[in-house]
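Enquirer: The structure is given below, and queries will be raised subsequently.
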Amino acid sequence: MKKFFTSALFKGLVWQVIGFFIGASLVTGIRALMGLSTTDTFFFTEPAWVLGSFIGAISFLVGCGVTDDWIKWARGIETHDEHEEHWHGWEKFINVSFDHKVIGIQYTLIALALLAIGGTFALIFRTELAASQLQFLTTEFQLFGQNGPQLYNTLMSLHGIVMIISILLGISGIINYAVPLLIGAADMSFPRLNAFSYWIAVPAAVTLISSLFLGGFDTGWTGYPPLSSRAPVGMQMFFMGVFIAGWSSILGALNVVVTVIRMRAKGMAAMKMPIFVWASLATSIIAMTATQFIGLAFQLVMFQRLFGMGFFDPSKGGNPVLFQHLFWFYSHPAVYVFILPGLGVISELLPVFVRKPLYGYRWIAMSSIGIALVGFVVWAHHMFTSGMNEYLRVPFMYSTLLVSVPTGVKFFSWVATMWKGKISTPTPMLFVLGAIIVFLMGGLSGPPHATVSTDLHLHDTYFVVGHFHDTIFGGFVFPFFAAIYYWFPKATGRRMSEFWGKVHFWLMTPSFFVLTFGMMYVGLLGMRRRIADYDPALGLDTAHLVLTIGAFLIALSVLIFFINFFYSIKNGEKAEGNIWESRSPEWQVPSPMSLHNYPTPIEVVGEPYDYGLKDAPYTRFAPASKGKGKH
Amino acid sequence: MSHSQNKSAALMQGVIIFIYLTALTILEYFVAVAFDAVPLLIVVAIAKAALVLYYFMHIYKLNETDSDTNHDSYAYKTITNRLGLWLFLLSDSFVFAGLLVMRSNLLGLTRPELNQVLGLGVTAVLLISSFFMNRGELLMAHGDVKGFMRNTVITFILGLGFLLGVVLLEWRIAAHEGLTADFGNPVTGPVGGVFYMMTGMHAFHVFTGLIFLAVVWNNARKGLYTAEQHWGVEAAAVYWHFVDLVWIFFYPALYLIGTAVSAH
């Protein structure tokens with residue numbers, strides 16, 4: 001326990017609290033001098049909460065020590081790259097490390113933690129929906145200054161945004177862990193920035209979840225004004241949390257782009273990169289640029305609330321629809337940020353388990369970039385009913401439908417890769433296959449939303465909810481689990497239980513279909529999304545009960561996964577060799593890998609996915625150069 | 001001999017580019033006063049931006065190939081760092097692009113009534129600071145640390161002048177004339193919000209740029225930079241010019257385009 005209290009994580013959290021009180025007291029003091037009110041419902045006034053949470057996040061970063069080296073550089077003191085590990089065992093993950101593998105695991109762990117929190121929120125409000133009328137989140141119910149339906153709204157909104165942050169951190173986890181290994185680099189281009197990108201996500205998550213205790217917010221994860229300009233203080237914590245988490249995404253993505261351009265092994269031309277690297281590059285291009293727009297949109301609402309600026313307030317000449325444009329300019333491409341790495345994982349793992357070359361490598365690589373680029377010009381399809389100019393509808397309808405072309409390319413490639421392959425189905429492959437089918441369902445339920453005439457009916461119904469759960473599960477959750485099962489032995493030298501992995505899959509997949517098809521079904525029959533209750537006369541009680549049971553079974557399967565995950569770290573079956581018989585360079589060395597990855601630099605001499613071809617290796621170890629001693 | 005010739009040629013180039021930029025700024029101002037031609041203003045702004053990007057920010061350096069392929073060498077790392085910095089600026093420019101989108105959506109062809117003399121004044125101050133920044137970086141590249149420090153001090157003072165001119169003078173005058181942060185109505189649009197948000201976001205970047213300048217000045221004083229190894233100086237200079245670049249678009253957007261609406 002002593003080790004925990006001296007860890008960077010604990011120090012950071014303490015400093016966050018101290019920083020918060022400094023910021024909040026500063027605002028309160030100034031307000032007292034100006035003769036304004038100094039306390040409010042949640043003790044501090046709203047400006048005090050906002051500045052406090054911002055200074056708290058900065059204090060966390062300085063306090064946990066991730067900025068130490070930069071501060072030294074600014075003062076003109078040289079630092080040296082670490083050559084051996086300071087921490088051992090679990091301590092590595094709660095202390096600052098510049099090793100991309102440790103950071104990747106840190107990301108994955110915080111993503112899993114947020115997944116559990118966001119999932120729990122969903123279970124609570126899903127239970128309330130199991131039958132019509134309010135059962136336990138009633139108007140008499142009081143918690144955190146909110147009554148039952150208000151709490152429902154908060155949990156529903158938080159479920160959305162906590163899951164989104166969890167996904168962003170989850171993809172950063174896989175990318176950080178895998179990309180430098182796949183391109184044969186010793187680390188990312190900017191290891192300190194990489195650590196910073198991770199650690200900034202921790203205060204962001206704390207800030208975000210604190211909104212639950214500060215009156216919550218009832219806007220859904222989109223935070224549209226004018227509702228968001230009136231919601232309780234929790235709204236500001238939501239904006240602030242997402243704003244800070246956005247920096248994690250932006251800086252992490254920047255690092256990935258530079259790493260892929262600058263750190264590839266000798267001989268790794270663009271068209272010889274592993275396909276997952278292409279996907280990471282595509283996703284990073286979006287995350288690096290478009291994220292600024294959601295940050296800006298949220299800042300504008302924050303300032304509107306704090307200073308009375310009238311951006312989205314029609315009585316002051318503002319325009320609420322502008323918020324939606326700024327918001328969706330990021331938030332639609334963001335779904336491609338979520339799914340592109342997942343689709344990359346599918347393309348990366350599929351050839352390993354069918355023992356055949358990846359079909360149409362170039363097309364797959366280009367389709368990732370294509371999705372990313374087309375993704376920039378589709379945002380207004382979220383706004384067909386918003387009252388925006390009508391002439392915008394048709395162009396955005398067609399640009400949206402265009403996305404299905406590069407996505408279709410991927411499906412053709414996956415099917416053609418599997419065609420006549422020697423398919424084996426260990427757990428990672430099961431999740432890859434599950435991902436393809438689930439994502440297909442998500443893809444097929446998409447065009448009805450893209451088409452204006454049908455979207456006008458489907459907008460804001462549960463059909464949309466079913467659609468995006470399909471795309472996000474197919475594009476992120478299933479591949480994420482596949483990637484964890486696949487690279488877990490690389491990270492730990494042990495493998496997760498195959499039996500419990502299969503139980504996880506076979507429990508989750510059918511339950512998931514029950515859940516999302518159920519959602520689409522009730523949606524088509526008129527169930528509105530984001531509401532705490534529905535009319536019993538709709539006759540949806542049975543359907544809701546069934547899909548609530550589905551949701552609980554998914555939760556159970558994820559619980560099994562968690563137990564399997566944490567149990568296997570110490571007690572899993574030893575797996576230090578190339579257990580999947582992969583051609584990829586990271587499997588050619590024993591697991592787990594050492595600090596700077598490869599003992600000698602690797603060199604690309606062949607094609608990445610020539611499975612089944614004899615004597616055609618992808619990489620080899622470069623002959624050891626002279627004069628380079630061990631560290 | 002040729003070394004010093006290169007140096008004086010480079011310094012001369014900085015002077016010429018500065019004269020071009022000054023001429024374009026004056027042209028811009030009179031175009032706005034005389035014709036109210038928005039497309040022309042945009043063309044002038046793009047021309048100014050191109051000059052700054054090429055001659056002050058040296059965007060062509062992104063095209064440099066590695067002279068040293070050893071990943072641990074200073075030369076290799078500098079090219080990596082340069083790419084990282086430019087990608088950061090690309091990302092940051094989305095913030096400012098978003099602000100310009102907001103401005104054109106909310107205000108269209110109107111703008112806040114502002115003090116034109118002060119506007120032109122702070123614009124000139126920032127432009128001159130960019131000239132000295134460029135001069136300082138050039139001198140550093142030729143190993144003249146003292147010259148670099150001298151020019152950085154001038155840049156810093158001018159930058160501080162810009163910051164104080166906007167935040168202390170311009171904001172105070174605007175607020176005095178009724179243009180407060182919460183000012184706005186369906187006729188004028190939320191001019192107060194747009195004005196303070198845009199100038200505030202830019203001023204914040206100027207502020208961080210000043211910190212950056214102070215840091216590299218201090219490190220130059222400690223003798224950390226040489227003619228061959230001065231990535232910190234280059235980064236600070238490029239960042240400073242970027243802040244100027246943003247103002248090239250913000251100045252016409254706030255002061256010149258459209259008809260002024262008074263807050264009275």
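Ordering of the structure tokens sets the chain letters (A, B, ...); residue numbers start at 1 within each chain; ligands are numbered from 1 in the order shown.
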Show me, as a PDB file with N, CA and C atoms, in the first residue's frame, every residue of chain A with an atom at most 9 Å from chain B, counting only C-alpha atoms.

Expert:
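Dumped everything to iface26.pdb:
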```pdb
ATOM      1  N   TRP A  73      14.115  21.158 -19.408  1.00  0.00           N
ATOM      2  CA  TRP A  73      14.564  21.683 -20.707  1.00  0.00           C
ATOM      3  C   TRP A  73      14.388  23.188 -20.745  1.00  0.00           C
ATOM      4  N   ALA A  74      13.233  23.639 -20.260  1.00  0.00           N
ATOM      5  CA  ALA A  74      12.962  25.080 -20.293  1.00  0.00           C
ATOM      6  C   ALA A  74      13.996  25.832 -19.466  1.00  0.00           C
ATOM      7  N   ARG A  75      14.486  25.194 -18.408  1.00  0.00           N
ATOM      8  CA  ARG A  75      15.496  25.855 -17.575  1.00  0.00           C
ATOM      9  C   ARG A  75      16.899  25.597 -18.098  1.00  0.00           C
ATOM     10  N   GLY A  76      17.003  24.880 -19.215  1.00  0.00           N
ATOM     11  CA  GLY A  76      18.300  24.654 -19.810  1.00  0.00           C
ATOM     12  C   GLY A  76      19.073  23.498 -19.206  1.00  0.00           C
ATOM     13  N   SER A 189       8.075   8.652 -31.377  1.00  0.00           N
ATOM     14  CA  SER A 189       8.987   9.758 -31.665  1.00  0.00           C
ATOM     15  C   SER A 189       9.182  10.655 -30.456  1.00  0.00           C
ATOM     16  N   PHE A 190       8.086  10.939 -29.743  1.00  0.00           N
ATOM     17  CA  PHE A 190       8.154  11.851 -28.600  1.00  0.00           C
ATOM     18  C   PHE A 190       7.673  11.121 -27.348  1.00  0.00           C
ATOM     19  N   ILE A 250      -5.546  14.612 -29.237  1.00  0.00           N
ATOM     20  CA  ILE A 250      -4.822  15.402 -30.233  1.00  0.00           C
ATOM     21  C   ILE A 250      -3.327  15.099 -30.167  1.00  0.00           C
ATOM     22  N   LEU A 251      -2.761  15.196 -28.955  1.00  0.00           N
ATOM     23  CA  LEU A 251      -1.308  15.037 -28.834  1.00  0.00           C
ATOM     24  C   LEU A 251      -0.895  13.594 -29.092  1.00  0.00           C
ATOM     25  N   LEU A 254      -0.955  13.125 -32.878  1.00  0.00           N
ATOM     26  CA  LEU A 254       0.191  13.796 -33.499  1.00  0.00           C
ATOM     27  C   LEU A 254       1.441  12.921 -33.393  1.00  0.00           C
ATOM     28  N   ASN A 255       1.618  12.369 -32.216  1.00  0.00           N
ATOM     29  CA  ASN A 255       2.761  11.505 -31.967  1.00  0.00           C
ATOM     30  C   ASN A 255       2.748  10.282 -32.885  1.00  0.00           C
ATOM     31  N   VAL A 257       1.337  10.018 -35.876  1.00  0.00           N
ATOM     32  CA  VAL A 257       1.629  10.395 -37.258  1.00  0.00           C
ATOM     33  C   VAL A 257       3.137  10.568 -37.440  1.00  0.00           C
ATOM     34  N   VAL A 258       3.758  11.308 -36.523  1.00  0.00           N
ATOM     35  CA  VAL A 258       5.203  11.533 -36.648  1.00  0.00           C
ATOM     36  C   VAL A 258       5.950  10.208 -36.539  1.00  0.00           C
ATOM     37  N   THR A 259       5.530   9.356 -35.612  1.00  0.00           N
ATOM     38  CA  THR A 259       6.213   8.078 -35.429  1.00  0.00           C
ATOM     39  C   THR A 259       6.148   7.237 -36.696  1.00  0.00           C
ATOM     40  N   ILE A 261       5.726   8.248 -39.724  1.00  0.00           N
ATOM     41  CA  ILE A 261       6.509   8.835 -40.818  1.00  0.00           C
ATOM     42  C   ILE A 261       8.012   8.686 -40.580  1.00  0.00           C
ATOM     43  N   ARG A 262       8.443   8.820 -39.330  1.00  0.00           N
ATOM     44  CA  ARG A 262       9.873   8.961 -39.058  1.00  0.00           C
ATOM     45  C   ARG A 262      10.577   7.724 -38.491  1.00  0.00           C
ATOM     46  N   MET A 263       9.834   6.782 -37.939  1.00  0.00           N
ATOM     47  CA  MET A 263      10.507   5.742 -37.138  1.00  0.00           C
ATOM     48  C   MET A 263      10.424   4.348 -37.754  1.00  0.00           C
ATOM     49  N   MET A 288      -6.158  14.320 -34.806  1.00  0.00           N
ATOM     50  CA  MET A 288      -5.225  15.417 -34.613  1.00  0.00           C
ATOM     51  C   MET A 288      -5.833  16.755 -35.011  1.00  0.00           C
ATOM     52  N   THR A 289      -6.709  16.748 -36.002  1.00  0.00           N
ATOM     53  CA  THR A 289      -7.211  18.024 -36.516  1.00  0.00           C
ATOM     54  C   THR A 289      -8.634  18.320 -36.047  1.00  0.00           C
ATOM     55  N   ALA A 290      -9.546  17.407 -36.337  1.00  0.00           N
ATOM     56  CA  ALA A 290     -10.963  17.713 -36.114  1.00  0.00           C
ATOM     57  C   ALA A 290     -11.287  17.889 -34.635  1.00  0.00           C
ATOM     58  N   THR A 291     -10.530  17.232 -33.756  1.00  0.00           N
ATOM     59  CA  THR A 291     -10.819  17.315 -32.315  1.00  0.00           C
ATOM     60  C   THR A 291     -10.874  18.759 -31.833  1.00  0.00           C
ATOM     61  N   GLN A 292     -10.087  19.629 -32.489  1.00  0.00           N
ATOM     62  CA  GLN A 292     -10.097  21.033 -32.077  1.00  0.00           C
ATOM     63  C   GLN A 292     -11.497  21.633 -32.157  1.00  0.00           C
ATOM     64  N   PHE A 293     -12.305  21.135 -33.077  1.00  0.00           N
ATOM     65  CA  PHE A 293     -13.627  21.750 -33.255  1.00  0.00           C
ATOM     66  C   PHE A 293     -14.557  21.452 -32.083  1.00  0.00           C
ATOM     67  N   GLY A 295     -13.518  20.853 -29.091  1.00  0.00           N
ATOM     68  CA  GLY A 295     -12.950  21.640 -28.000  1.00  0.00           C
ATOM     69  C   GLY A 295     -13.433  23.072 -28.076  1.00  0.00           C
ATOM     70  N   LEU A 296     -13.424  23.622 -29.294  1.00  0.00           N
ATOM     71  CA  LEU A 296     -13.865  25.001 -29.487  1.00  0.00           C
ATOM     72  C   LEU A 296     -15.357  25.128 -29.182  1.00  0.00           C
ATOM     73  N   ALA A 297     -16.154  24.197 -29.711  1.00  0.00           N
ATOM     74  CA  ALA A 297     -17.606  24.282 -29.491  1.00  0.00           C
ATOM     75  C   ALA A 297     -17.913  24.259 -27.996  1.00  0.00           C
ATOM     76  N   LEU A 300     -16.959  27.463 -26.270  1.00  0.00           N
ATOM     77  CA  LEU A 300     -17.893  28.556 -26.531  1.00  0.00           C
ATOM     78  C   LEU A 300     -19.090  28.475 -25.581  1.00  0.00           C
ATOM     79  N   PHE A 303     -17.973  29.538 -22.122  1.00  0.00           N
ATOM     80  CA  PHE A 303     -17.845  30.992 -22.004  1.00  0.00           C
ATOM     81  C   PHE A 303     -19.210  31.672 -22.055  1.00  0.00           C
ATOM     82  N   GLN A 304     -20.119  31.104 -22.841  1.00  0.00           N
ATOM     83  CA  GLN A 304     -21.478  31.660 -22.861  1.00  0.00           C
ATOM     84  C   GLN A 304     -22.075  31.607 -21.459  1.00  0.00           C
ATOM     85  N   PHE A 307     -19.619  34.122 -19.058  1.00  0.00           N
ATOM     86  CA  PHE A 307     -19.530  35.567 -19.301  1.00  0.00           C
ATOM     87  C   PHE A 307     -20.739  36.139 -20.019  1.00  0.00           C
ATOM     88  N   GLY A 308     -21.742  35.307 -20.253  1.00  0.00           N
ATOM     89  CA  GLY A 308     -22.923  35.814 -20.922  1.00  0.00           C
ATOM     90  C   GLY A 308     -22.713  36.106 -22.397  1.00  0.00           C
ATOM     91  N   MET A 309     -21.615  35.582 -22.985  1.00  0.00           N
ATOM     92  CA  MET A 309     -21.408  35.772 -24.422  1.00  0.00           C
ATOM     93  C   MET A 309     -22.550  35.079 -25.171  1.00  0.00           C
ATOM     94  N   GLY A 310     -22.966  35.666 -26.283  1.00  0.00           N
ATOM     95  CA  GLY A 310     -24.230  35.202 -26.874  1.00  0.00           C
ATOM     96  C   GLY A 310     -24.128  34.282 -28.059  1.00  0.00           C
ATOM     97  N   PHE A 311     -23.048  33.470 -28.153  1.00  0.00           N
ATOM     98  CA  PHE A 311     -22.834  32.672 -29.367  1.00  0.00           C
ATOM     99  C   PHE A 311     -24.055  31.868 -29.799  1.00  0.00           C
ATOM    100  N   PHE A 312     -24.672  31.200 -28.832  1.00  0.00           N
ATOM    101  CA  PHE A 312     -25.744  30.268 -29.189  1.00  0.00           C
ATOM    102  C   PHE A 312     -27.080  30.720 -28.601  1.00  0.00           C
ATOM    103  N   ASP A 313     -27.143  31.997 -28.248  1.00  0.00           N
ATOM    104  CA  ASP A 313     -28.336  32.522 -27.598  1.00  0.00           C
ATOM    105  C   ASP A 313     -29.075  33.427 -28.590  1.00  0.00           C
ATOM    106  N   PRO A 314     -30.184  32.961 -29.148  1.00  0.00           N
ATOM    107  CA  PRO A 314     -30.870  33.750 -30.185  1.00  0.00           C
ATOM    108  C   PRO A 314     -31.275  35.139 -29.700  1.00  0.00           C
ATOM    109  N   SER A 315     -31.545  35.301 -28.418  1.00  0.00           N
ATOM    110  CA  SER A 315     -31.957  36.625 -27.950  1.00  0.00           C
ATOM    111  C   SER A 315     -30.802  37.620 -28.055  1.00  0.00           C
ATOM    112  N   LYS A 316     -29.578  37.117 -28.164  1.00  0.00           N
ATOM    113  CA  LYS A 316     -28.434  38.010 -28.359  1.00  0.00           C
ATOM    114  C   LYS A 316     -27.905  37.931 -29.786  1.00  0.00           C
ATOM    115  N   GLY A 317     -28.679  37.333 -30.659  1.00  0.00           N
ATOM    116  CA  GLY A 317     -28.249  37.238 -32.052  1.00  0.00           C
ATOM    117  C   GLY A 317     -27.441  35.987 -32.341  1.00  0.00           C
ATOM    118  N   GLY A 318     -27.341  35.079 -31.367  1.00  0.00           N
ATOM    119  CA  GLY A 318     -26.567  33.854 -31.570  1.00  0.00           C
ATOM    120  C   GLY A 318     -27.343  32.822 -32.363  1.00  0.00           C
ATOM    121  N   ASN A 319     -26.694  31.708 -32.631  1.00  0.00           N
ATOM    122  CA  ASN A 319     -27.281  30.693 -33.501  1.00  0.00           C
ATOM    123  C   ASN A 319     -27.008  29.297 -32.933  1.00  0.00           C
ATOM    124  N   LEU A 322     -25.308  26.664 -35.107  1.00  0.00           N
ATOM    125  CA  LEU A 322     -23.854  26.756 -35.296  1.00  0.00           C
ATOM    126  C   LEU A 322     -23.130  25.760 -34.395  1.00  0.00           C
ATOM    127  N   LEU A 326     -20.332  22.943 -35.500  1.00  0.00           N
ATOM    128  CA  LEU A 326     -18.982  22.819 -34.930  1.00  0.00           C
ATOM    129  C   LEU A 326     -18.829  21.469 -34.236  1.00  0.00           C
TER     130      LEU A 326
END
```

Enquirer: Write out as a count of residues only all residues of segment 357-474 of chain A that backbone DSSP assigns to alpha helix (DSSP H).

Expert: 79

Enquirer: Distance atom CA of Thr600 of chain A-atom CA of Thr69 of chain B, one decimal place?

Expert: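 These two atoms are separated by 16.4 Å.
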
Enquirer: When you look at segment 58-60 of chain B with a cut-off of 12 Å (counting only C-alpha atoms), what residues show up, excluding the ones that are within fewer than 2 positions of it in the same chain? I need them as a PyMOL selection string.

Expert: chain B and resi 14+49-56+62-65+79+82-83+85-87+89+134+137-138+234-235+237-239+241-242

Enquirer: Contacts of segment 544-554 of chain A at 9 Å or less, counting only C-alpha atoms, minus same-chain residues fewer than 3 places along, as a PDB file with N, CA, C and O atoms, in the first residue's frame?

Expert:
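Just written: part.pdb:
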```
ATOM      1  N   ALA A 122     -25.098   2.324 -17.698  1.00  0.00           N
ATOM      2  CA  ALA A 122     -26.091   1.832 -18.652  1.00  0.00           C
ATOM      3  C   ALA A 122     -27.019   0.822 -17.997  1.00  0.00           C
ATOM      4  O   ALA A 122     -28.233   0.845 -18.210  1.00  0.00           O
ATOM      5  N   LEU A 123     -26.429  -0.070 -17.186  1.00  0.00           N
ATOM      6  CA  LEU A 123     -27.265  -1.097 -16.551  1.00  0.00           C
ATOM      7  C   LEU A 123     -28.319  -0.449 -15.656  1.00  0.00           C
ATOM      8  O   LEU A 123     -29.459  -0.905 -15.594  1.00  0.00           O
ATOM      9  N   ARG A 126     -30.925   1.160 -17.883  1.00  0.00           N
ATOM     10  CA  ARG A 126     -31.577   0.103 -18.656  1.00  0.00           C
ATOM     11  C   ARG A 126     -32.612  -0.614 -17.775  1.00  0.00           C
ATOM     12  O   ARG A 126     -33.687  -0.982 -18.236  1.00  0.00           O
ATOM     13  N   THR A 127     -32.261  -0.829 -16.509  1.00  0.00           N
ATOM     14  CA  THR A 127     -33.184  -1.491 -15.593  1.00  0.00           C
ATOM     15  C   THR A 127     -34.451  -0.665 -15.427  1.00  0.00           C
ATOM     16  O   THR A 127     -35.557  -1.200 -15.392  1.00  0.00           O
ATOM     17  N   LEU A 129     -35.754   1.122 -17.611  1.00  0.00           N
ATOM     18  CA  LEU A 129     -36.548   1.033 -18.836  1.00  0.00           C
ATOM     19  C   LEU A 129     -37.204  -0.336 -19.031  1.00  0.00           C
ATOM     20  O   LEU A 129     -38.011  -0.497 -19.934  1.00  0.00           O
ATOM     21  N   ALA A 130     -36.838  -1.312 -18.179  1.00  0.00           N
ATOM     22  CA  ALA A 130     -37.328  -2.677 -18.386  1.00  0.00           C
ATOM     23  C   ALA A 130     -38.843  -2.731 -18.407  1.00  0.00           C
ATOM     24  O   ALA A 130     -39.439  -3.607 -19.028  1.00  0.00           O
ATOM     25  N   ALA A 131     -39.497  -1.820 -17.708  1.00  0.00           N
ATOM     26  CA  ALA A 131     -40.962  -1.758 -17.746  1.00  0.00           C
ATOM     27  C   ALA A 131     -41.372  -0.301 -17.839  1.00  0.00           C
ATOM     28  O   ALA A 131     -40.627   0.584 -17.431  1.00  0.00           O
ATOM     29  N   SER A 132     -42.548  -0.067 -18.402  1.00  0.00           N
ATOM     30  CA  SER A 132     -43.019   1.321 -18.475  1.00  0.00           C
ATOM     31  C   SER A 132     -43.372   1.804 -17.073  1.00  0.00           C
ATOM     32  O   SER A 132     -43.484   1.014 -16.142  1.00  0.00           O
ATOM     33  N   HIS A 504     -16.844 -16.028 -22.880  1.00  0.00           N
ATOM     34  CA  HIS A 504     -17.065 -14.594 -23.054  1.00  0.00           C
ATOM     35  C   HIS A 504     -17.691 -14.319 -24.415  1.00  0.00           C
ATOM     36  O   HIS A 504     -18.709 -13.637 -24.526  1.00  0.00           O
ATOM     37  N   LEU A 507     -21.261 -15.905 -24.967  1.00  0.00           N
ATOM     38  CA  LEU A 507     -22.300 -15.266 -24.157  1.00  0.00           C
ATOM     39  C   LEU A 507     -22.591 -13.861 -24.688  1.00  0.00           C
ATOM     40  O   LEU A 507     -23.738 -13.428 -24.766  1.00  0.00           O
ATOM     41  N   MET A 508     -21.532 -13.155 -25.068  1.00  0.00           N
ATOM     42  CA  MET A 508     -21.704 -11.752 -25.442  1.00  0.00           C
ATOM     43  C   MET A 508     -22.389 -11.594 -26.790  1.00  0.00           C
ATOM     44  O   MET A 508     -23.273 -10.744 -26.932  1.00  0.00           O
ATOM     45  N   THR A 509     -21.993 -12.393 -27.765  1.00  0.00           N
ATOM     46  CA  THR A 509     -22.464 -12.134 -29.127  1.00  0.00           C
ATOM     47  C   THR A 509     -23.982 -12.292 -29.277  1.00  0.00           C
ATOM     48  O   THR A 509     -24.642 -11.368 -29.751  1.00  0.00           O
ATOM     49  N   PRO A 510     -24.567 -13.436 -28.871  1.00  0.00           N
ATOM     50  CA  PRO A 510     -26.031 -13.524 -29.012  1.00  0.00           C
ATOM     51  C   PRO A 510     -26.758 -12.469 -28.172  1.00  0.00           C
ATOM     52  O   PRO A 510     -27.727 -11.873 -28.647  1.00  0.00           O
ATOM     53  N   SER A 511     -26.262 -12.224 -26.947  1.00  0.00           N
ATOM     54  CA  SER A 511     -26.929 -11.228 -26.102  1.00  0.00           C
ATOM     55  C   SER A 511     -26.882  -9.875 -26.769  1.00  0.00           C
ATOM     56  O   SER A 511     -27.836  -9.089 -26.699  1.00  0.00           O
ATOM     57  N   PHE A 512     -25.759  -9.633 -27.419  1.00  0.00           N
ATOM     58  CA  PHE A 512     -25.608  -8.335 -28.061  1.00  0.00           C
ATOM     59  C   PHE A 512     -26.604  -8.168 -29.207  1.00  0.00           C
ATOM     60  O   PHE A 512     -27.193  -7.103 -29.382  1.00  0.00           O
ATOM     61  N   PHE A 513     -26.796  -9.262 -29.968  1.00  0.00           N
ATOM     62  CA  PHE A 513     -27.772  -9.154 -31.064  1.00  0.00           C
ATOM     63  C   PHE A 513     -29.174  -8.941 -30.519  1.00  0.00           C
ATOM     64  O   PHE A 513     -29.965  -8.163 -31.065  1.00  0.00           O
ATOM     65  N   VAL A 514     -29.499  -9.640 -29.429  1.00  0.00           N
ATOM     66  CA  VAL A 514     -30.802  -9.429 -28.802  1.00  0.00           C
ATOM     67  C   VAL A 514     -30.954  -7.957 -28.436  1.00  0.00           C
ATOM     68  O   VAL A 514     -31.977  -7.316 -28.713  1.00  0.00           O
ATOM     69  N   LEU A 515     -29.899  -7.401 -27.847  1.00  0.00           N
ATOM     70  CA  LEU A 515     -29.961  -6.009 -27.395  1.00  0.00           C
ATOM     71  C   LEU A 515     -30.162  -5.050 -28.571  1.00  0.00           C
ATOM     72  O   LEU A 515     -31.096  -4.237 -28.570  1.00  0.00           O
ATOM     73  N   THR A 516     -29.308  -5.153 -29.590  1.00  0.00           N
ATOM     74  CA  THR A 516     -29.378  -4.109 -30.626  1.00  0.00           C
ATOM     75  C   THR A 516     -30.555  -4.326 -31.570  1.00  0.00           C
ATOM     76  O   THR A 516     -31.189  -3.357 -31.982  1.00  0.00           O
ATOM     77  N   PHE A 517     -30.853  -5.584 -31.906  1.00  0.00           N
ATOM     78  CA  PHE A 517     -32.041  -5.774 -32.745  1.00  0.00           C
ATOM     79  C   PHE A 517     -33.286  -5.351 -31.974  1.00  0.00           C
ATOM     80  O   PHE A 517     -34.217  -4.775 -32.542  1.00  0.00           O
ATOM     81  N   GLY A 518     -33.277  -5.616 -30.671  1.00  0.00           N
ATOM     82  CA  GLY A 518     -34.385  -5.150 -29.829  1.00  0.00           C
ATOM     83  C   GLY A 518     -34.506  -3.635 -29.872  1.00  0.00           C
ATOM     84  O   GLY A 518     -35.606  -3.087 -29.997  1.00  0.00           O
ATOM     85  N   MET A 519     -33.352  -2.972 -29.797  1.00  0.00           N
ATOM     86  CA  MET A 519     -33.371  -1.504 -29.854  1.00  0.00           C
ATOM     87  C   MET A 519     -33.948  -1.011 -31.180  1.00  0.00           C
ATOM     88  O   MET A 519     -34.760  -0.084 -31.220  1.00  0.00           O
ATOM     89  N   VAL A 522     -37.840  -1.648 -31.177  1.00  0.00           N
ATOM     90  CA  VAL A 522     -38.656  -0.680 -30.433  1.00  0.00           C
ATOM     91  C   VAL A 522     -38.556   0.713 -31.061  1.00  0.00           C
ATOM     92  O   VAL A 522     -39.518   1.481 -31.049  1.00  0.00           O
ATOM     93  N   LEU A 540     -44.498  -1.887 -25.627  1.00  0.00           N
ATOM     94  CA  LEU A 540     -43.091  -2.254 -25.775  1.00  0.00           C
ATOM     95  C   LEU A 540     -42.507  -2.892 -24.512  1.00  0.00           C
ATOM     96  O   LEU A 540     -41.310  -3.157 -24.462  1.00  0.00           O
ATOM     97  N   ASP A 541     -43.344  -3.126 -23.509  1.00  0.00           N
ATOM     98  CA  ASP A 541     -42.807  -3.606 -22.230  1.00  0.00           C
ATOM     99  C   ASP A 541     -42.030  -4.908 -22.381  1.00  0.00           C
ATOM    100  O   ASP A 541     -40.924  -5.047 -21.868  1.00  0.00           O
ATOM    101  N   SER A 557     -20.822 -11.260 -19.343  1.00  0.00           N
ATOM    102  CA  SER A 557     -19.714 -11.754 -20.173  1.00  0.00           C
ATOM    103  C   SER A 557     -18.483 -10.862 -20.004  1.00  0.00           C
ATOM    104  O   SER A 557     -17.355 -11.353 -19.967  1.00  0.00           O
ATOM    105  N   VAL A 558     -18.703  -9.550 -19.879  1.00  0.00           N
ATOM    106  CA  VAL A 558     -17.562  -8.651 -19.699  1.00  0.00           C
ATOM    107  C   VAL A 558     -16.926  -8.873 -18.328  1.00  0.00           C
ATOM    108  O   VAL A 558     -15.703  -8.803 -18.169  1.00  0.00           O
ATOM    109  N   LEU A 559     -17.781  -9.180 -17.348  1.00  0.00           N
ATOM    110  CA  LEU A 559     -17.250  -9.498 -16.017  1.00  0.00           C
ATOM    111  C   LEU A 559     -16.336 -10.731 -16.098  1.00  0.00           C
ATOM    112  O   LEU A 559     -15.250 -10.757 -15.506  1.00  0.00           O
TER     113      LEU A 559
END
```
